[in-house]
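Below: work_7.txt (compact mmCIF, C-alpha atoms and all ligand atoms)
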# COMPACT_ATOMS: atom_id res chain seq x y z
CA MET P 168 -14.33 -12.22 12.54
CA CYS P 169 -15.81 -8.75 12.28
CA ASP P 170 -18.70 -9.67 14.54
CA THR P 171 -16.22 -9.82 17.39
CA CYS P 172 -14.20 -6.75 16.55
CA GLY P 173 -17.17 -4.41 16.85
CA CYS P 174 -16.31 -2.17 13.93
CA ASN P 175 -19.62 -1.12 12.45
CA VAL P 176 -18.35 1.18 9.77
CA THR P 177 -19.24 -0.35 6.41
CA HIS P 178 -18.81 0.89 2.85
CA GLY P 179 -22.44 1.90 2.91
CA ASN P 180 -22.23 4.22 5.87
CA ALA P 181 -18.59 5.29 5.83
CA HIS P 182 -19.57 8.64 4.31
CA LEU P 183 -21.73 9.39 7.34
CA VAL P 184 -18.71 9.06 9.62
CA GLN P 185 -16.60 11.23 7.39
CA ALA P 186 -17.89 14.76 7.45
CA GLY P 187 -19.28 15.87 4.12
CA GLY P 188 -16.82 18.64 3.36
CA LYS P 189 -17.18 22.37 3.03
CA LEU P 190 -20.15 23.49 1.03
CA GLU P 191 -20.41 26.58 -1.05
CA LYS P 192 -23.57 27.60 -2.85
CA THR P 193 -22.37 29.48 -5.89
CA GLU P 194 -25.67 30.13 -7.60
CA GLN P 195 -29.20 28.79 -7.73
CA GLY P 196 -29.10 25.00 -7.51
CA ARG P 197 -25.37 24.76 -8.08
CA GLU P 198 -23.10 23.67 -5.27
CA SER P 199 -19.37 23.45 -5.09
CA LEU P 200 -17.98 21.23 -2.39
CA THR P 201 -14.40 21.30 -1.11
CA VAL P 202 -13.56 17.78 -0.01
CA LEU P 203 -9.82 17.09 0.34
CA LYS P 204 -10.17 13.40 0.87
CA ASN P 205 -7.79 10.63 -0.15
CA LEU P 206 -9.03 8.69 -3.15
CA LEU P 207 -8.23 5.43 -1.44
CA SER P 208 -9.66 6.32 1.97
CA GLU P 209 -12.09 3.42 1.74
CA ASN P 210 -9.15 1.06 1.21
CA ASP P 211 -7.12 2.79 3.93
CA HIS P 212 -9.96 2.40 6.41
CA GLN P 213 -10.20 -1.31 5.67
CA ALA P 214 -6.40 -1.60 5.94
CA GLY P 215 -6.43 -0.01 9.38
CA HIS P 216 -9.07 -2.51 10.36
CA ASN P 217 -6.99 -5.43 9.05
CA ARG P 218 -4.04 -4.11 11.06
CA GLU P 219 -6.16 -4.29 14.21
CA HIS P 220 -6.96 -7.91 13.45
CA PHE P 221 -3.22 -8.65 13.33
CA ASP P 222 -2.39 -6.49 16.34
CA ARG P 223 -4.96 -8.04 18.62
CA ARG P 224 -3.23 -11.38 18.13
CA GLY P 225 0.33 -10.11 18.38
CA ILE P 226 1.00 -10.92 14.72
CA LEU P 227 3.59 -9.24 12.51
CA ALA P 228 2.21 -8.80 8.96
CA VAL P 229 4.70 -8.47 6.13
CA ASN P 230 3.90 -7.56 2.52
CA LEU P 231 6.22 -8.95 -0.16
CA MET P 232 6.33 -7.03 -3.44
CA SER P 233 8.39 -7.48 -6.60
CA SER P 234 8.19 -7.90 -10.34
CA PRO P 235 6.88 -11.30 -11.54
CA GLY P 236 9.32 -14.11 -10.87
CA ALA P 237 11.75 -12.19 -8.64
CA GLY P 238 11.58 -15.06 -6.16
CA LYS P 239 8.85 -14.23 -3.60
CA THR P 240 7.46 -17.74 -3.33
CA ALA P 241 10.94 -19.29 -3.39
CA LEU P 242 11.96 -16.97 -0.54
CA LEU P 243 8.91 -18.02 1.47
CA GLU P 244 9.63 -21.70 0.85
CA SER P 245 13.21 -21.39 2.05
CA THR P 246 12.15 -19.18 4.97
CA ILE P 247 9.71 -21.83 6.16
CA ASP P 248 12.45 -24.46 5.93
CA ALA P 249 15.03 -22.29 7.69
CA LEU P 250 12.62 -21.29 10.48
CA ASN P 251 12.04 -24.96 11.18
CA GLY P 252 9.00 -24.14 13.31
CA GLU P 253 10.65 -21.37 15.36
CA TYR P 254 7.75 -19.07 14.52
CA LYS P 255 4.27 -20.08 13.48
CA VAL P 256 3.60 -18.49 10.10
CA ALA P 257 0.83 -18.37 7.51
CA VAL P 258 0.80 -17.01 3.98
CA ILE P 259 -1.74 -15.05 1.97
CA GLU P 260 -1.01 -15.59 -1.72
CA GLY P 261 -2.12 -13.10 -4.35
CA ASP P 262 -2.08 -14.69 -7.75
CA LEU P 263 -3.67 -13.76 -11.03
CA GLU P 264 -5.00 -17.13 -12.08
CA THR P 265 -3.49 -20.15 -10.37
CA GLU P 266 -3.25 -21.90 -7.01
CA ASN P 267 0.39 -22.84 -7.76
CA ASP P 268 2.07 -20.60 -5.21
CA ALA P 269 -0.36 -21.54 -2.42
CA GLU P 270 0.22 -25.22 -3.15
CA ARG P 271 4.00 -24.75 -2.97
CA ILE P 272 3.56 -23.29 0.55
CA ARG P 273 1.05 -25.94 1.70
CA LYS P 274 3.48 -28.67 0.66
CA ARG P 275 5.66 -27.40 3.49
CA GLY P 276 2.89 -27.79 6.04
CA VAL P 277 2.08 -24.10 6.32
CA GLU P 278 -1.40 -22.65 5.91
CA ALA P 279 -1.75 -20.70 2.67
CA ILE P 280 -4.83 -18.81 1.53
CA GLN P 281 -5.07 -18.09 -2.15
CA ILE P 282 -6.61 -14.85 -3.34
CA SER P 283 -7.33 -15.23 -7.02
CA THR P 284 -7.17 -11.67 -8.19
CA GLY P 285 -8.33 -12.48 -11.71
CA SER P 286 -7.41 -9.48 -13.80
CA ALA P 287 -6.53 -7.26 -10.82
CA CYS P 288 -2.89 -6.30 -10.84
CA HIS P 289 -2.58 -5.72 -7.08
CA LEU P 290 -4.06 -6.82 -3.77
CA ASP P 291 -6.26 -4.40 -1.88
CA ALA P 292 -7.30 -4.26 1.75
CA HIS P 293 -10.74 -5.76 1.11
CA MET P 294 -9.26 -8.84 -0.56
CA VAL P 295 -6.91 -9.34 2.35
CA HIS P 296 -9.76 -8.95 4.81
CA ASP P 297 -11.73 -11.64 2.98
CA ALA P 298 -8.71 -13.91 3.23
CA LEU P 299 -8.43 -13.20 6.97
CA HIS P 300 -11.96 -14.52 7.35
CA HIS P 301 -10.79 -17.87 6.01
CA MET P 302 -7.83 -18.20 8.35
CA ASP P 303 -7.26 -19.15 11.92
CA LEU P 304 -5.07 -16.32 13.16
CA ASN P 305 -4.78 -17.58 16.70
CA GLY P 306 -1.29 -18.62 17.70
CA LEU P 307 0.36 -17.14 14.60
CA ASP P 308 3.53 -15.07 14.85
CA ILE P 309 3.98 -13.83 11.29
CA VAL P 310 1.62 -13.51 8.34
CA PHE P 311 3.32 -13.08 4.97
CA ILE P 312 1.33 -11.53 2.18
CA GLU P 313 2.73 -12.32 -1.26
CA ASN P 314 1.46 -9.53 -3.46
CA VAL P 315 0.84 -9.84 -7.20
CA GLY P 316 4.10 -9.74 -9.16
CA ASN P 317 4.12 -6.12 -10.35
CA LEU P 318 6.44 -3.20 -9.59
CA VAL P 319 3.78 -0.53 -10.06
CA CYS P 320 0.26 -1.10 -8.76
CA PRO P 321 0.74 -2.86 -5.39
CA ALA P 322 2.67 0.09 -3.97
CA SER P 323 -0.45 2.28 -3.84
CA PHE P 324 -2.61 0.00 -1.69
CA ASP P 325 -2.21 -0.34 2.06
CA LEU P 326 -3.24 -3.86 3.11
CA GLY P 327 -2.88 -3.51 6.87
CA GLN P 328 0.68 -4.84 6.91
CA HIS P 329 3.32 -3.53 9.31
CA ARG P 330 6.27 -3.79 6.95
CA ASN P 331 6.91 -3.77 3.22
CA ILE P 332 9.64 -5.83 1.63
CA THR P 333 10.61 -5.19 -1.97
CA LEU P 334 12.56 -7.90 -3.78
CA LEU P 335 14.89 -6.95 -6.61
CA SER P 336 16.28 -9.98 -8.41
CA VAL P 337 19.69 -9.70 -10.01
CA PRO P 338 18.52 -10.52 -13.58
CA GLU P 339 16.22 -7.46 -13.53
CA GLY P 340 19.09 -5.00 -13.47
CA ASP P 341 20.33 -2.59 -10.83
CA ASP P 342 18.44 0.46 -12.12
CA LYS P 343 14.98 -0.68 -11.00
CA PRO P 344 14.79 1.63 -7.94
CA ALA P 345 15.30 4.60 -10.26
CA LYS P 346 12.65 3.35 -12.69
CA TYR P 347 10.04 2.40 -10.08
CA PRO P 348 10.45 5.07 -7.38
CA VAL P 349 6.98 4.64 -5.90
CA MET P 350 7.58 0.95 -5.24
CA PHE P 351 11.11 1.27 -3.89
CA ARG P 352 10.26 4.30 -1.76
CA ALA P 353 7.71 2.09 0.01
CA ALA P 354 10.25 -0.57 1.05
CA ASP P 355 11.23 -1.07 4.69
CA LEU P 356 13.69 -3.72 3.54
CA VAL P 357 15.12 -4.44 0.09
CA LEU P 358 16.23 -7.96 -0.76
CA LEU P 359 18.62 -8.38 -3.69
CA THR P 360 17.47 -11.89 -4.61
CA LYS P 361 19.14 -14.49 -6.81
CA ALA P 362 22.47 -13.16 -5.54
CA ASP P 363 24.04 -16.43 -6.71
CA LEU P 364 23.78 -14.95 -10.23
CA LEU P 365 25.93 -11.90 -9.43
CA PRO P 366 29.12 -13.50 -10.80
CA VAL P 367 27.35 -14.32 -14.08
CA LEU P 368 25.43 -11.07 -14.49
CA ASP P 369 28.39 -8.90 -13.62
CA ASP P 370 26.87 -5.68 -14.96
CA PHE P 371 24.58 -5.72 -11.91
CA GLN P 372 26.33 -3.52 -9.36
CA PRO P 373 24.79 -3.85 -5.89
CA GLN P 374 26.28 -0.48 -4.85
CA ARG P 375 24.54 1.20 -7.77
CA ALA P 376 21.18 -0.36 -6.83
CA GLU P 377 21.71 0.87 -3.29
CA ARG P 378 22.64 4.37 -4.46
CA TYR P 379 19.41 4.60 -6.50
CA LEU P 380 17.52 3.51 -3.39
CA ARG P 381 19.16 6.22 -1.26
CA GLU P 382 18.30 8.78 -3.92
CA LEU P 383 14.68 8.00 -3.06
CA ALA P 384 15.49 9.19 0.48
CA ASN P 385 15.03 5.61 1.65
CA ASP P 386 17.44 4.32 4.31
CA ALA P 387 16.03 0.77 4.26
CA PRO P 388 18.59 -2.00 4.76
CA VAL P 389 19.61 -3.99 1.66
CA LEU P 390 20.30 -7.72 2.04
CA HIS P 391 21.73 -10.05 -0.59
CA THR P 392 19.89 -13.37 -0.62
CA SER P 393 19.89 -16.56 -2.63
CA VAL P 394 17.73 -19.60 -2.12
CA ARG P 395 20.27 -21.55 -4.16
CA SER P 396 23.39 -20.84 -2.11
CA GLY P 397 21.58 -20.02 1.12
CA ALA P 398 23.33 -16.64 1.25
CA GLY P 399 21.71 -13.98 3.39
CA VAL P 400 19.20 -16.31 5.03
CA GLU P 401 20.68 -15.72 8.47
CA GLN P 402 20.45 -11.93 8.18
CA TRP P 403 16.94 -12.20 6.78
CA LEU P 404 15.77 -14.36 9.68
CA ALA P 405 17.48 -11.96 12.09
CA TRP P 406 15.58 -9.05 10.51
CA LEU P 407 12.30 -10.94 10.92
CA GLY P 408 13.10 -11.75 14.54
CA THR P 409 13.95 -8.13 15.31
CA GLU P 410 10.76 -6.92 13.64
CA LEU P 411 8.63 -9.45 15.50
CA THR P 412 10.14 -8.41 18.83
CA ALA P 413 9.61 -4.74 17.97
CA GLN P 414 6.00 -5.45 17.02
CA ARG P 415 5.33 -7.23 20.33
CA GLN P 416 6.97 -4.36 22.24
CA ARG P 417 4.84 -1.80 20.41
CA LEU P 418 1.70 -3.77 21.15
CA ALA P 419 2.61 -3.91 24.84
CA GLN P 420 2.62 -0.09 24.73
CA GLY P 421 -0.71 -0.05 22.88
CA GLU P 422 0.94 1.11 19.65
CA THR P 423 1.14 -0.25 16.14
CA ALA P 424 3.28 0.39 13.08
CA ARG P 425 2.69 1.22 9.48
CA PRO P 426 5.18 0.65 6.70
CA ALA P 427 7.82 3.39 6.52
CA VAL P 428 6.05 5.18 3.71
CA GLN P 429 2.32 5.48 3.57
CA PRO P 430 0.60 7.58 0.97
CA GLU P 431 -0.24 11.08 2.12
CA GLY P 432 -3.82 9.87 2.33
CA ALA P 433 -3.22 7.70 5.34
CA THR P 434 -2.32 10.70 7.47
CA LEU P 435 -5.00 12.82 5.88
CA HIS P 436 -7.51 10.11 6.65
CA ALA P 437 -6.37 9.80 10.25
CA GLY P 438 -6.63 13.57 10.65
CA GLU P 439 -10.12 13.83 9.32
CA HIS P 440 -11.30 11.08 11.62
CA GLY P 441 -9.96 13.02 14.56
CA GLY P 442 -10.72 10.95 17.59
CA HIS P 443 -12.54 8.22 15.72
CA HIS P 444 -11.35 4.86 16.96
CA HIS P 445 -12.78 1.43 16.83
CA PRO P 446 -14.30 0.45 20.13
CA HIS P 447 -12.03 -2.60 20.30
CA HIS P 448 -8.76 -1.04 21.27
CA HIS P 449 -7.86 -3.74 23.70
CA LEU P 450 -4.47 -5.08 22.64
CA HIS P 451 -3.00 -8.28 23.94
CA HIS P 452 -0.37 -10.70 22.82
CA HIS P 453 0.39 -14.29 23.55
CA ASP P 454 3.74 -15.65 24.62
CA MET A 768 -3.84 -0.71 -14.54
CA HIS A 769 -4.83 0.01 -10.96
CA GLU A 770 -6.09 3.40 -12.15
CA LEU A 771 -9.47 1.79 -12.82
CA SER A 772 -9.70 0.69 -9.16
CA VAL A 773 -8.71 4.17 -8.06
CA CYS A 774 -11.27 5.70 -10.42
CA GLN A 775 -14.02 3.42 -9.15
CA ALA A 776 -13.17 4.41 -5.58
CA LEU A 777 -13.32 8.05 -6.67
CA ILE A 778 -16.76 7.59 -8.21
CA ARG A 779 -18.05 5.86 -5.04
CA GLU A 780 -16.92 8.89 -3.01
CA VAL A 781 -18.57 11.28 -5.44
CA GLU A 782 -21.79 9.26 -5.50
CA ALA A 783 -21.95 9.28 -1.69
CA LEU A 784 -21.45 13.06 -1.64
CA ALA A 785 -24.08 13.53 -4.35
CA ARG A 786 -26.59 11.46 -2.36
CA GLU A 787 -25.81 13.33 0.82
CA HIS A 788 -26.41 16.67 -0.92
CA GLU A 789 -29.33 15.39 -3.00
CA ALA A 790 -27.62 16.35 -6.23
CA ARG A 791 -29.20 15.32 -9.48
CA LEU A 792 -26.08 15.83 -11.52
CA VAL A 793 -22.36 16.20 -10.93
CA GLU A 794 -20.73 18.71 -13.25
CA GLN A 795 -17.08 18.67 -12.30
CA ILE A 796 -14.68 16.63 -10.18
CA VAL A 797 -11.27 18.02 -9.26
CA VAL A 798 -8.54 15.62 -8.24
CA ARG A 799 -5.04 16.54 -7.04
CA LEU A 800 -2.35 14.09 -8.05
CA GLY A 801 1.33 13.95 -7.16
CA PRO A 802 3.89 12.02 -9.25
CA LEU A 803 4.70 9.78 -6.26
CA SER A 804 1.09 8.74 -5.70
CA GLY A 805 1.63 5.83 -8.07
CA VAL A 806 -1.31 6.96 -10.19
CA GLU A 807 -0.79 8.29 -13.72
CA ALA A 808 -2.98 11.24 -14.67
CA HIS A 809 -3.55 10.11 -18.26
CA LEU A 810 -4.41 6.56 -17.17
CA LEU A 811 -6.86 7.97 -14.66
CA GLN A 812 -8.45 10.03 -17.45
CA GLN A 813 -8.64 6.91 -19.63
CA ALA A 814 -10.30 4.86 -16.90
CA TYR A 815 -12.74 7.62 -15.99
CA PRO A 816 -15.42 7.07 -18.69
CA LEU A 817 -15.62 3.40 -17.70
CA ALA A 818 -15.98 4.19 -14.02
CA CYS A 819 -18.54 6.99 -14.28
CA ALA A 820 -20.86 5.40 -16.87
CA GLY A 821 -24.40 5.12 -15.56
CA THR A 822 -23.69 7.14 -12.41
CA VAL A 823 -24.75 10.62 -11.32
CA ALA A 824 -21.27 11.74 -12.50
CA GLU A 825 -21.72 10.38 -16.00
CA SER A 826 -21.45 13.77 -17.66
CA ALA A 827 -19.02 15.29 -15.20
CA GLU A 828 -15.68 16.68 -16.27
CA LEU A 829 -12.64 15.21 -14.48
CA VAL A 830 -9.97 17.81 -13.81
CA VAL A 831 -6.59 16.50 -12.66
CA GLU A 832 -4.32 19.04 -11.00
CA ALA A 833 -0.64 18.09 -10.85
CA VAL A 834 1.11 18.60 -7.52
CA PRO A 835 4.88 19.16 -7.51
CA ILE A 836 7.27 17.03 -5.47
CA ARG A 837 8.77 18.89 -2.53
CA VAL A 838 11.26 17.60 0.01
CA GLU A 839 12.47 18.98 3.32
CA CYS A 840 16.13 18.34 4.10
CA LYS A 841 16.80 16.64 7.43
CA SER A 842 20.32 17.96 7.32
CA CYS A 843 20.08 21.66 6.35
CA GLY A 844 16.35 22.21 6.71
CA ALA A 845 15.80 23.63 3.22
CA GLU A 846 12.56 22.88 1.40
CA THR A 847 13.10 22.35 -2.30
CA GLU A 848 11.49 20.83 -5.38
CA ALA A 849 12.69 17.39 -6.49
CA LYS A 850 12.30 14.75 -9.19
CA ALA A 851 10.43 11.48 -8.57
CA ASN A 852 13.57 9.35 -8.58
CA ARG A 853 15.97 11.92 -7.10
CA LEU A 854 14.53 13.10 -3.81
CA LEU A 855 17.72 14.92 -2.88
CA CYS A 856 17.97 18.26 -1.13
CA GLY A 857 18.20 21.03 -3.74
CA GLU A 858 20.40 23.10 -1.42
CA CYS A 859 23.02 20.74 0.02
CA GLY A 860 22.43 17.55 -2.00
CA ASP A 861 21.85 15.30 1.01
CA TRP A 862 19.60 12.28 0.39
CA ARG A 863 18.17 12.29 3.88
CA THR A 864 15.00 14.22 3.15
CA ARG A 865 11.36 14.02 4.10
CA LEU A 866 8.69 14.22 1.42
CA VAL A 867 6.36 17.13 2.10
CA GLY A 868 4.38 17.00 -1.14
CA GLY A 869 3.98 15.02 -4.31
CA ASP A 870 2.51 11.70 -3.16
CA GLU A 871 -1.06 12.89 -2.78
CA MET A 872 -4.08 11.56 -4.66
CA VAL A 873 -6.88 13.60 -3.29
CA LEU A 874 -10.44 14.37 -4.23
CA ALA A 875 -10.24 18.16 -3.96
CA SER A 876 -13.70 19.34 -4.91
CA VAL A 877 -17.01 18.43 -6.52
CA SER A 878 -19.43 20.75 -8.30
CA MET A 879 -23.00 19.58 -8.57
CA MET A 880 -26.52 20.63 -9.46
CA THR A 881 -29.13 20.24 -6.78
CA GLY A 882 -32.90 20.77 -6.75
CA THR A 883 -35.32 19.81 -9.49
CA GLU A 884 -35.02 20.69 -13.13
CA HIS A 885 -37.31 23.38 -14.59
N1 LIG P 901 19.24 -18.76 -9.39
C1 LIG P 901 18.23 -18.48 -8.57
N2 LIG P 901 16.97 -18.65 -9.01
C2 LIG P 901 15.96 -18.35 -8.16
C3 LIG P 901 16.19 -17.87 -6.84
N3 LIG P 901 15.00 -17.65 -6.24
C4 LIG P 901 14.07 -17.97 -7.16
N4 LIG P 901 14.63 -18.40 -8.31
C5 LIG P 901 13.93 -18.88 -9.52
O1 LIG P 901 13.14 -17.82 -10.05
C6 LIG P 901 11.94 -18.35 -10.60
C7 LIG P 901 10.72 -17.61 -10.03
O2 LIG P 901 10.67 -17.81 -8.62
P1 LIG P 901 9.32 -17.62 -7.80
O3 LIG P 901 9.63 -17.86 -6.38
O4 LIG P 901 8.22 -18.42 -8.41
O5 LIG P 901 9.05 -16.07 -8.07
P2 LIG P 901 7.78 -15.19 -7.62
O6 LIG P 901 8.28 -13.83 -7.32
O7 LIG P 901 7.05 -15.88 -6.54
O8 LIG P 901 6.92 -15.19 -8.96
P3 LIG P 901 5.38 -14.68 -9.17
O9 LIG P 901 4.61 -15.13 -7.96
O10 LIG P 901 4.96 -15.37 -10.42
O11 LIG P 901 5.46 -13.20 -9.31
C8 LIG P 901 11.92 -19.82 -10.27
O12 LIG P 901 12.33 -20.54 -11.42
C9 LIG P 901 12.93 -19.95 -9.15
O13 LIG P 901 13.55 -21.21 -9.11
C10 LIG P 901 17.56 -17.73 -6.41
O14 LIG P 901 17.87 -17.32 -5.27
N5 LIG P 901 18.53 -18.03 -7.33
MG MG P 902 5.00 -16.36 -6.42
ZN ZN P 903 -12.93 -7.45 10.33
ZN ZN P 904 20.01 20.09 2.64

What would the structure in this file look like if it were written as structure tokens?
Amino acid sequence: MCDTCGCNVTHGNAHLVQAGGKLEKTEQGRESLTVLKNLLSENDHQAGHNREHFDRRGILAVNLMSSPGAGKTALLESTIDALNGEYKVAVIEGDLETENDAERIRKRGVEAIQISTGSACHLDAHMVHDALHHMDLNGLDIVFIENVGNLVCPASFDLGQHRNITLLSVPEGDDKPAKYPVMFRAADLVLLTKADLLPVLDDFQPQRAERYLRELANDAPVLHTSVRSGAGVEQWLAWLGTELTAQRQRLAQGETARPAVQPEGATLHAGEHGGHHHPHHHLHHHD
Amino acid sequence: MHELSVCQALIREVEALAREHEARLVEQIVVRLGPLSGVEAHLLQQAYPLACAGTVAESAELVVEAVPIRVECKSCGAETEAKANRLLCGECGDWRTRLVGGDEMVLASVSMMTGTEH
């Protein structure tokens, strides 16, 4: 894949592209270097590159994050059923040990690539890029990335997605946005999943969850969904459709999108690169 | 524990800089960390010995500087300090704010020894 995209910046030579910082010789043989560089700039660079892979094919890439068992795979299964072939989708599954989630998706006739993260508690941009090498992206409309179930680590790593979705399942309690601000600040859409359990778990107050989310200065929409009752599926598909249209419109203008919140580093990184662009800035999309 | 991944990325940066400047030893690494970076300072410190072992930064001191959270109000324009899970304007209380500081995780500076030992 990379042989066609023309990006020749590798881990090995990335430091040559990025200027070496401001040097100060304090005394004989001792140097102090001011750097101001994001710690994850290597990841961010790879993520930007992944985003170009998606953009060149008119694909919308969506990252699903939540605690373990909040219903990410179940949501994808019911999404595939509800779409009924309206969009062509593929799934990248991040899983600690098993192929279970990928197999659940494949059973529905959709391509699923499993990234076995082993002991890693999050996906990073390099893992996603490896997965992209094993996929046929042509003709796809949406790529879903199911991140590792974890409300902490995944939020720090840009994967090249356009949008972040954070799932909060009703049994987890409505205070999770207040307890995991980094994760919920990163959400472009919050899904209150397992909404069928609201009558049973009546101490979960959706308004309170939403208030905690707003206190993170996040105006992301909040949808109530249930794969059991089918609640919210319509709104969720409408959100996807709107986002896909917006993505195609951006691409027609030669623009792309990042999730609402990117770590400071992403902008820092862009700034320090100045005019550095990949030579393959030719964007196109299929109908 | 993604702090180990972050620490390994940090060491790769430092190693590249050390090579570029032909340093034989890195003495100190200064990192600036905001509470909304998603990285915990003490976990980063814990991961550090694992990440730097056997590298040019093996004996380097890791200094982590904490950066406060600051928000700018979209409604009244005030810039105030805020808590990680309450990013409200300190002046008017509005939640529609923009984060202007506190999510950074930045390699700020590196001190190293160059030249040959005498
Ligand atoms: N009642 C109810 N149960 C649900 C719903 N969605 C998922 N579940 C159940 O929640 C459990 C976990 O669902 P998964 O889809 O495997 O969750 P996940 O987020 O993919 O889990 P990991 O990948 O392990 O992090 C399963 O037993 C599902 O049947 C829902 O809308 N309502
Ligand atoms: Mg799953
Ligand atoms: Zn590539
Ligand atoms: Zn204000």

>> Can you tell me which residues surround Leu829 of chain A at a distance of at most 7 Å, considering only C-alpha atoms, apart from same-chain residues fewer than 6 positions away, and format the answer as a list of chain:residue names?
In response: A:Gln795, A:Ile796, A:Val797

>> Could you list the protein, DNA and RNA residues that have any atom within 10 Å of ligand MG 902 (chain P), counting all atoms listed in the file, and write them as a ChimeraX atom specification?
In response: /P:231-243,260-262,266-269,271-272,313-316

>> as a list in words, please: the residues near segment 780-786 of chain A (cut-off 8 Å, only C-alpha atoms, same-chain neighbours under 4 positions excluded).
In response: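 Near neighbours after the sequence-gap exclusion: His182, Gly187 and Leu206 of chain P; Ala776, Ala790, Arg791, Leu792, Val793, Thr822, Val823, Ala824, Val877 and Met879 of chain A.
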
>> Distance cut-off 6 Å, counting only C-alpha atoms - which residues of chain P neighbour chain A? Return them as JSON, numbers by chain.
In response: {"P": [196, 197, 198, 199, 200, 201, 202, 203, 204, 205, 206, 320, 323, 345, 348, 349, 382, 383, 384, 431]}

> Which value, in Å to one decimal, gives the distance between atom CA of Val389 of chain P and atom CA of Asp342 of chain P?
Replying inline: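 A separation of 14.5 Å between them.
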